[in-house]
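Notes for the one structure printed next.
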Amino acid sequence: MSSPDDGVPASSPESLPADPFRWMPATIVAAAGQTPTGRSIVLEVPGLRPARAGQHVDVRLTADDGYQAVRSYSLSDVTRSDVSLSDVRASPGGAGRAPQIELTVEELPDGEVSPYLVSAAEVGDPVEVRGPIGGWFVWPPTEFDPDSAVHAVLPEPDGAPAPGRSPVQLIGGGSGIAPLVAMVRARAAGAGAADADAAAPGAAGAAGPPPMRLLCSVRTPADRWFGDELAALAEESAGEVRVDWVFTREAPAGSTRASGRLTRDELLDLVLPASAHPLVYVCGTNSFVETVAGWLVDAGHDPTRVRTERFGGV
């Protein structure tokens, strides 16, 4: 696959494209296997707008005969997308380097794009991207004016802290963990730290970012996306980040839980209770998201606090 350059890329904030849906040339600068069928790919995209955890991009591949295929992929890391941040400027490549994003892809046997990205793409290969896209399934969450139409349609639950100060519950099925990992990484990088003067006494996030829990449902131990990194981030968080795994087909040696699908009772035992008013993000296949979101709402979680992102597939 090849990707034509459809224009001169911008590289400074002042020259960012006015149209966020303009196709932009990108280059693969790193790639790492995650599972037997999954891979994370880092793209350098000159002119890319800063991305937010939870957003996605469209990826376009162009074959030598001109045939094009487009697919959407969630971003699993956005911390290097804003080149105005001092820690990014100090990273390899210097102050003038282009923004970078990471997407995580699971190969589908009958797919057009995923087999190339997972099994064939190499560092230096060109692709095209469009985005970043999305403003609802993001963390830190978008804060709307209390008098806005959004609050009129989706009022906040009584007694709940502001979304940005609420504890966060992340629930992912399979590769649906990708945007949730971006949120955990963003938190570790300092995103979501509330202004101590603005935060109410005792509110979650008053002294820093709110606590996060991540529940991941995968088939086998080999399918633990970002397993070692998530374990390290949880350990470094002093108890503020917790990661739980559920295995549906094969449990790890010594596990006290037999393999099997996540049940309603298990879910409610592992996630933050409705009384804590968490902001919940659920990502996975259509059936996984529909089932989990239904269980949460039935258990008392306010529907306005359950945000979902779903994709097709089995």
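Chain labels run A, B, ... following the order of the structure tokens; each chain numbers its residues from 1, and ligands are numbered from 1 in the order shown.
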Mind the document's chain letters and residue numbers, and return as a PyMOL selection string the residues of segment 228-283 of chain A that DSSP labels alpha helix (DSSP H).
-> chain A and resi 228-236+264-270
Might you pull out every residue within 8 Å of Val57 of chain A, with only C-alpha atoms counted and same-chain residues fewer than 3 positions away left off, and present them as a ChimeraX atom specification?
-> /A:72-75,129-133
Selected residues written out with C-alpha atoms, as a CSV table (one decimal), in the first residue's frame:
chain,number,residue,atom,x,y,z
A,72,SER,CA,-11.4,4.2,11.8
A,73,TYR,CA,-9.1,3.4,14.7
A,74,SER,CA,-9.1,4.6,18.3
A,75,LEU,CA,-6.0,6.3,19.6
A,129,VAL,CA,-5.0,10.1,8.4
A,130,ARG,CA,-8.0,12.4,9.1
A,131,GLY,CA,-8.9,13.7,12.5
A,132,PRO,CA,-8.7,13.5,15.4
A,133,ILE,CA,-12.4,12.9,15.7
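Counting only C-alpha atoms, the residue from A:Ala191, A:Ile101, A:Val70, A:Val42 that sits nearest to Arg165 of chain A is A:Ala191.
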Selection: 12 Å around Phe288 of chain A, only C-alpha atoms, excl. self and same-chain fewer than 6 positions, as number ranges by chain | A: 171-176, 216-218, 261-264, 282, 294-295, 308-314
Just N, CA, C and O atoms for this one: save the residues we selected as a PDB file, in the first residue's frame.
ATOM      1  N   ILE A 171     -14.199   0.413  31.041  1.00  0.00           N
ATOM      2  CA  ILE A 171     -14.540  -0.995  30.808  1.00  0.00           C
ATOM      3  C   ILE A 171     -14.309  -1.300  29.341  1.00  0.00           C
ATOM      4  O   ILE A 171     -14.943  -0.692  28.461  1.00  0.00           O
ATOM      5  N   GLY A 172     -13.407  -2.236  29.057  1.00  0.00           N
ATOM      6  CA  GLY A 172     -13.074  -2.547  27.674  1.00  0.00           C
ATOM      7  C   GLY A 172     -13.184  -4.023  27.372  1.00  0.00           C
ATOM      8  O   GLY A 172     -12.867  -4.871  28.210  1.00  0.00           O
ATOM      9  N   GLY A 173     -13.634  -4.316  26.165  1.00  0.00           N
ATOM     10  CA  GLY A 173     -13.682  -5.692  25.684  1.00  0.00           C
ATOM     11  C   GLY A 173     -12.706  -5.860  24.538  1.00  0.00           C
ATOM     12  O   GLY A 173     -12.805  -5.171  23.521  1.00  0.00           O
ATOM     13  N   GLY A 174     -11.701  -6.747  24.692  1.00  0.00           N
ATOM     14  CA  GLY A 174     -10.734  -6.982  23.637  1.00  0.00           C
ATOM     15  C   GLY A 174      -9.989  -5.721  23.259  1.00  0.00           C
ATOM     16  O   GLY A 174      -9.520  -4.957  24.114  1.00  0.00           O
ATOM     17  N   SER A 175      -9.888  -5.450  21.947  1.00  0.00           N
ATOM     18  CA  SER A 175      -9.163  -4.271  21.482  1.00  0.00           C
ATOM     19  C   SER A 175      -9.881  -2.975  21.833  1.00  0.00           C
ATOM     20  O   SER A 175      -9.339  -1.888  21.629  1.00  0.00           O
ATOM     21  N   GLY A 176     -11.097  -3.074  22.393  1.00  0.00           N
ATOM     22  CA  GLY A 176     -11.796  -1.890  22.877  1.00  0.00           C
ATOM     23  C   GLY A 176     -11.079  -1.214  24.016  1.00  0.00           C
ATOM     24  O   GLY A 176     -11.456  -0.115  24.436  1.00  0.00           O
ATOM     25  N   CYS A 216     -10.925  -5.024  32.106  1.00  0.00           N
ATOM     26  CA  CYS A 216     -10.670  -5.505  30.750  1.00  0.00           C
ATOM     27  C   CYS A 216     -11.126  -6.953  30.620  1.00  0.00           C
ATOM     28  O   CYS A 216     -10.769  -7.806  31.430  1.00  0.00           O
ATOM     29  N   SER A 217     -11.905  -7.223  29.587  1.00  0.00           N
ATOM     30  CA  SER A 217     -12.331  -8.588  29.282  1.00  0.00           C
ATOM     31  C   SER A 217     -11.613  -9.035  28.017  1.00  0.00           C
ATOM     32  O   SER A 217     -11.784  -8.430  26.950  1.00  0.00           O
ATOM     33  N   VAL A 218     -10.782 -10.086  28.146  1.00  0.00           N
ATOM     34  CA  VAL A 218     -10.025 -10.608  27.006  1.00  0.00           C
ATOM     35  C   VAL A 218     -10.129 -12.129  26.981  1.00  0.00           C
ATOM     36  O   VAL A 218     -10.556 -12.752  27.958  1.00  0.00           O
ATOM     37  N   ARG A 261     -17.298 -15.894  30.305  1.00  0.00           N
ATOM     38  CA  ARG A 261     -17.729 -14.533  30.018  1.00  0.00           C
ATOM     39  C   ARG A 261     -18.009 -13.755  31.303  1.00  0.00           C
ATOM     40  O   ARG A 261     -18.409 -14.318  32.321  1.00  0.00           O
ATOM     41  N   LEU A 262     -17.801 -12.474  31.226  1.00  0.00           N
ATOM     42  CA  LEU A 262     -18.100 -11.573  32.325  1.00  0.00           C
ATOM     43  C   LEU A 262     -19.597 -11.638  32.633  1.00  0.00           C
ATOM     44  O   LEU A 262     -20.432 -11.598  31.733  1.00  0.00           O
ATOM     45  N   THR A 263     -19.924 -11.771  33.906  1.00  0.00           N
ATOM     46  CA  THR A 263     -21.328 -11.807  34.312  1.00  0.00           C
ATOM     47  C   THR A 263     -21.730 -10.475  34.942  1.00  0.00           C
ATOM     48  O   THR A 263     -20.877  -9.663  35.316  1.00  0.00           O
ATOM     49  N   ARG A 264     -23.029 -10.306  35.076  1.00  0.00           N
ATOM     50  CA  ARG A 264     -23.531  -9.073  35.673  1.00  0.00           C
ATOM     51  C   ARG A 264     -23.031  -8.913  37.102  1.00  0.00           C
ATOM     52  O   ARG A 264     -22.592  -7.821  37.502  1.00  0.00           O
ATOM     53  N   VAL A 282     -17.281   2.821  28.224  1.00  0.00           N
ATOM     54  CA  VAL A 282     -17.353   1.415  27.824  1.00  0.00           C
ATOM     55  C   VAL A 282     -17.029   1.325  26.343  1.00  0.00           C
ATOM     56  O   VAL A 282     -17.632   2.026  25.520  1.00  0.00           O
ATOM     57  N   GLY A 294     -26.259  -1.814  29.644  1.00  0.00           N
ATOM     58  CA  GLY A 294     -27.559  -2.168  30.216  1.00  0.00           C
ATOM     59  C   GLY A 294     -27.456  -2.591  31.661  1.00  0.00           C
ATOM     60  O   GLY A 294     -28.283  -2.184  32.500  1.00  0.00           O
ATOM     61  N   TRP A 295     -26.447  -3.400  31.982  1.00  0.00           N
ATOM     62  CA  TRP A 295     -26.248  -3.819  33.367  1.00  0.00           C
ATOM     63  C   TRP A 295     -25.976  -2.610  34.275  1.00  0.00           C
ATOM     64  O   TRP A 295     -26.479  -2.544  35.397  1.00  0.00           O
ATOM     65  N   THR A 308     -20.363   5.469  25.714  1.00  0.00           N
ATOM     66  CA  THR A 308     -20.033   4.235  25.010  1.00  0.00           C
ATOM     67  C   THR A 308     -19.407   4.503  23.646  1.00  0.00           C
ATOM     68  O   THR A 308     -19.686   5.497  22.992  1.00  0.00           O
ATOM     69  N   GLU A 309     -18.529   3.588  23.257  1.00  0.00           N
ATOM     70  CA  GLU A 309     -17.910   3.582  21.931  1.00  0.00           C
ATOM     71  C   GLU A 309     -17.895   2.127  21.484  1.00  0.00           C
ATOM     72  O   GLU A 309     -17.435   1.258  22.195  1.00  0.00           O
ATOM     73  N   ARG A 310     -18.451   1.867  20.310  1.00  0.00           N
ATOM     74  CA  ARG A 310     -18.571   0.488  19.879  1.00  0.00           C
ATOM     75  C   ARG A 310     -18.085   0.320  18.453  1.00  0.00           C
ATOM     76  O   ARG A 310     -17.979   1.272  17.684  1.00  0.00           O
ATOM     77  N   PHE A 311     -17.767  -0.937  18.124  1.00  0.00           N
ATOM     78  CA  PHE A 311     -17.331  -1.236  16.763  1.00  0.00           C
ATOM     79  C   PHE A 311     -17.926  -2.572  16.363  1.00  0.00           C
ATOM     80  O   PHE A 311     -18.314  -3.390  17.206  1.00  0.00           O
ATOM     81  N   GLY A 312     -17.999  -2.805  15.056  1.00  0.00           N
ATOM     82  CA  GLY A 312     -18.518  -4.074  14.568  1.00  0.00           C
ATOM     83  C   GLY A 312     -17.501  -5.176  14.772  1.00  0.00           C
ATOM     84  O   GLY A 312     -16.384  -4.963  15.192  1.00  0.00           O
ATOM     85  N   GLY A 313     -17.885  -6.378  14.478  1.00  0.00           N
ATOM     86  CA  GLY A 313     -16.985  -7.511  14.628  1.00  0.00           C
ATOM     87  C   GLY A 313     -17.539  -8.519  15.603  1.00  0.00           C
ATOM     88  O   GLY A 313     -18.524  -8.308  16.271  1.00  0.00           O
ATOM     89  N   VAL A 314     -16.833  -9.616  15.684  1.00  0.00           N
ATOM     90  CA  VAL A 314     -17.287 -10.726  16.499  1.00  0.00           C
ATOM     91  C   VAL A 314     -16.536 -10.735  17.820  1.00  0.00           C
ATOM     92  O   VAL A 314     -15.316 -10.538  17.826  1.00  0.00           O
TER      93      VAL A 314
END
Give me the residues near Val113 of chain A as a PDB file with C-alpha atoms, in the first residue's frame, where near means some atom within 12 Å (using only C-alpha atoms) and where sequence neighbours in that chain fewer than 4 positions away do not count.
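Written file, around_33.pdb:
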ATOM      1  CA  MET A   1       0.000   0.000   0.000  1.00  0.00           C
ATOM      2  CA  ASP A  58      -9.612   7.621  10.019  1.00  0.00           C
ATOM      3  CA  VAL A  59      -6.756   5.857   8.235  1.00  0.00           C
ATOM      4  CA  ARG A  60      -6.634   5.689   4.438  1.00  0.00           C
ATOM      5  CA  LEU A  61      -4.454   3.330   2.440  1.00  0.00           C
ATOM      6  CA  THR A  62      -3.982   3.617  -1.310  1.00  0.00           C
ATOM      7  CA  ALA A  63      -2.884   0.637  -3.396  1.00  0.00           C
ATOM      8  CA  TYR A  67      -7.757   1.467  -4.932  1.00  0.00           C
ATOM      9  CA  GLN A  68      -8.358   3.071  -1.527  1.00  0.00           C
ATOM     10  CA  ALA A  69      -9.571   1.636   1.770  1.00  0.00           C
ATOM     11  CA  VAL A  70     -10.522   3.640   4.866  1.00  0.00           C
ATOM     12  CA  ARG A  71     -10.980   2.445   8.446  1.00  0.00           C
ATOM     13  CA  SER A  72     -11.375   4.176  11.813  1.00  0.00           C
ATOM     14  CA  TYR A  73      -9.078   3.383  14.735  1.00  0.00           C
ATOM     15  CA  VAL A 105      -5.130  -2.409  15.686  1.00  0.00           C
ATOM     16  CA  GLU A 106      -6.462  -5.955  15.896  1.00  0.00           C
ATOM     17  CA  GLU A 107      -6.118  -7.965  12.703  1.00  0.00           C
ATOM     18  CA  LEU A 108      -9.364  -9.206  11.187  1.00  0.00           C
ATOM     19  CA  PRO A 109      -8.901 -12.246   8.924  1.00  0.00           C
ATOM     20  CA  LEU A 117      -1.190  -2.551   9.560  1.00  0.00           C
ATOM     21  CA  VAL A 118      -0.634  -5.547  11.843  1.00  0.00           C
ATOM     22  CA  SER A 119       1.438  -7.856   9.663  1.00  0.00           C
ATOM     23  CA  ALA A 120       2.994  -5.906   6.799  1.00  0.00           C
ATOM     24  CA  ALA A 121       3.439  -2.202   7.574  1.00  0.00           C
ATOM     25  CA  VAL A 127      -0.373   6.392   5.215  1.00  0.00           C
TER      26      VAL A 127
END
Atom CA of Glu240 of chain A and atom CA of Arg219 of chain A are how many Å apart?
-> 26.4 Å
Sel. of strand (DSSP E) residues, segment 154-290 of chain A, as a ChimeraX atom specification | /A:168-173,212-218,241-247,279-285
Could the residues in this selection be written to a file with C-alpha atoms, as a PDB file, in the first residue's frame?
ATOM      1  CA  VAL A 168     -13.552   7.280  36.311  1.00  0.00           C
ATOM      2  CA  GLN A 169     -14.565   3.719  35.477  1.00  0.00           C
ATOM      3  CA  LEU A 170     -13.187   2.278  32.233  1.00  0.00           C
ATOM      4  CA  ILE A 171     -14.540  -0.995  30.808  1.00  0.00           C
ATOM      5  CA  GLY A 172     -13.074  -2.547  27.674  1.00  0.00           C
ATOM      6  CA  GLY A 173     -13.682  -5.692  25.684  1.00  0.00           C
ATOM      7  CA  MET A 212      -9.480   5.442  37.701  1.00  0.00           C
ATOM      8  CA  ARG A 213     -10.492   1.818  37.498  1.00  0.00           C
ATOM      9  CA  LEU A 214     -10.018  -0.234  34.367  1.00  0.00           C
ATOM     10  CA  LEU A 215     -11.826  -3.530  33.794  1.00  0.00           C
ATOM     11  CA  CYS A 216     -10.670  -5.505  30.750  1.00  0.00           C
ATOM     12  CA  SER A 217     -12.331  -8.588  29.282  1.00  0.00           C
ATOM     13  CA  VAL A 218     -10.025 -10.608  27.006  1.00  0.00           C
ATOM     14  CA  VAL A 241      -5.411   3.434  39.404  1.00  0.00           C
ATOM     15  CA  ARG A 242      -6.663  -0.142  39.508  1.00  0.00           C
ATOM     16  CA  VAL A 243      -6.671  -2.682  36.684  1.00  0.00           C
ATOM     17  CA  ASP A 244      -8.763  -5.870  36.666  1.00  0.00           C
ATOM     18  CA  TRP A 245      -8.738  -8.613  34.015  1.00  0.00           C
ATOM     19  CA  VAL A 246     -11.441 -11.124  33.124  1.00  0.00           C
ATOM     20  CA  PHE A 247     -10.515 -14.027  30.839  1.00  0.00           C
ATOM     21  CA  LEU A 279     -17.983   8.785  34.789  1.00  0.00           C
ATOM     22  CA  VAL A 280     -18.062   5.451  32.941  1.00  0.00           C
ATOM     23  CA  TYR A 281     -16.509   4.722  29.533  1.00  0.00           C
ATOM     24  CA  VAL A 282     -17.353   1.415  27.824  1.00  0.00           C
ATOM     25  CA  CYS A 283     -15.693   0.322  24.578  1.00  0.00           C
ATOM     26  CA  GLY A 284     -15.882  -2.943  22.650  1.00  0.00           C
ATOM     27  CA  THR A 285     -18.029  -4.829  20.205  1.00  0.00           C
TER      28      THR A 285
END
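Taking atom CA of Arg257 of chain A and atom CA of Leu272 of chain A as the two end points, the separation is 20.0 Å.
Atom CA of Ala98 of chain A is found 6.2 Å from atom CA of Val45 of chain A.
The closest residue to Tyr116 of chain A, picked from A:Asp265, A:Ile41, A:Arg307, A:Ala299 and counting only C-alpha atoms, is A:Ile41.
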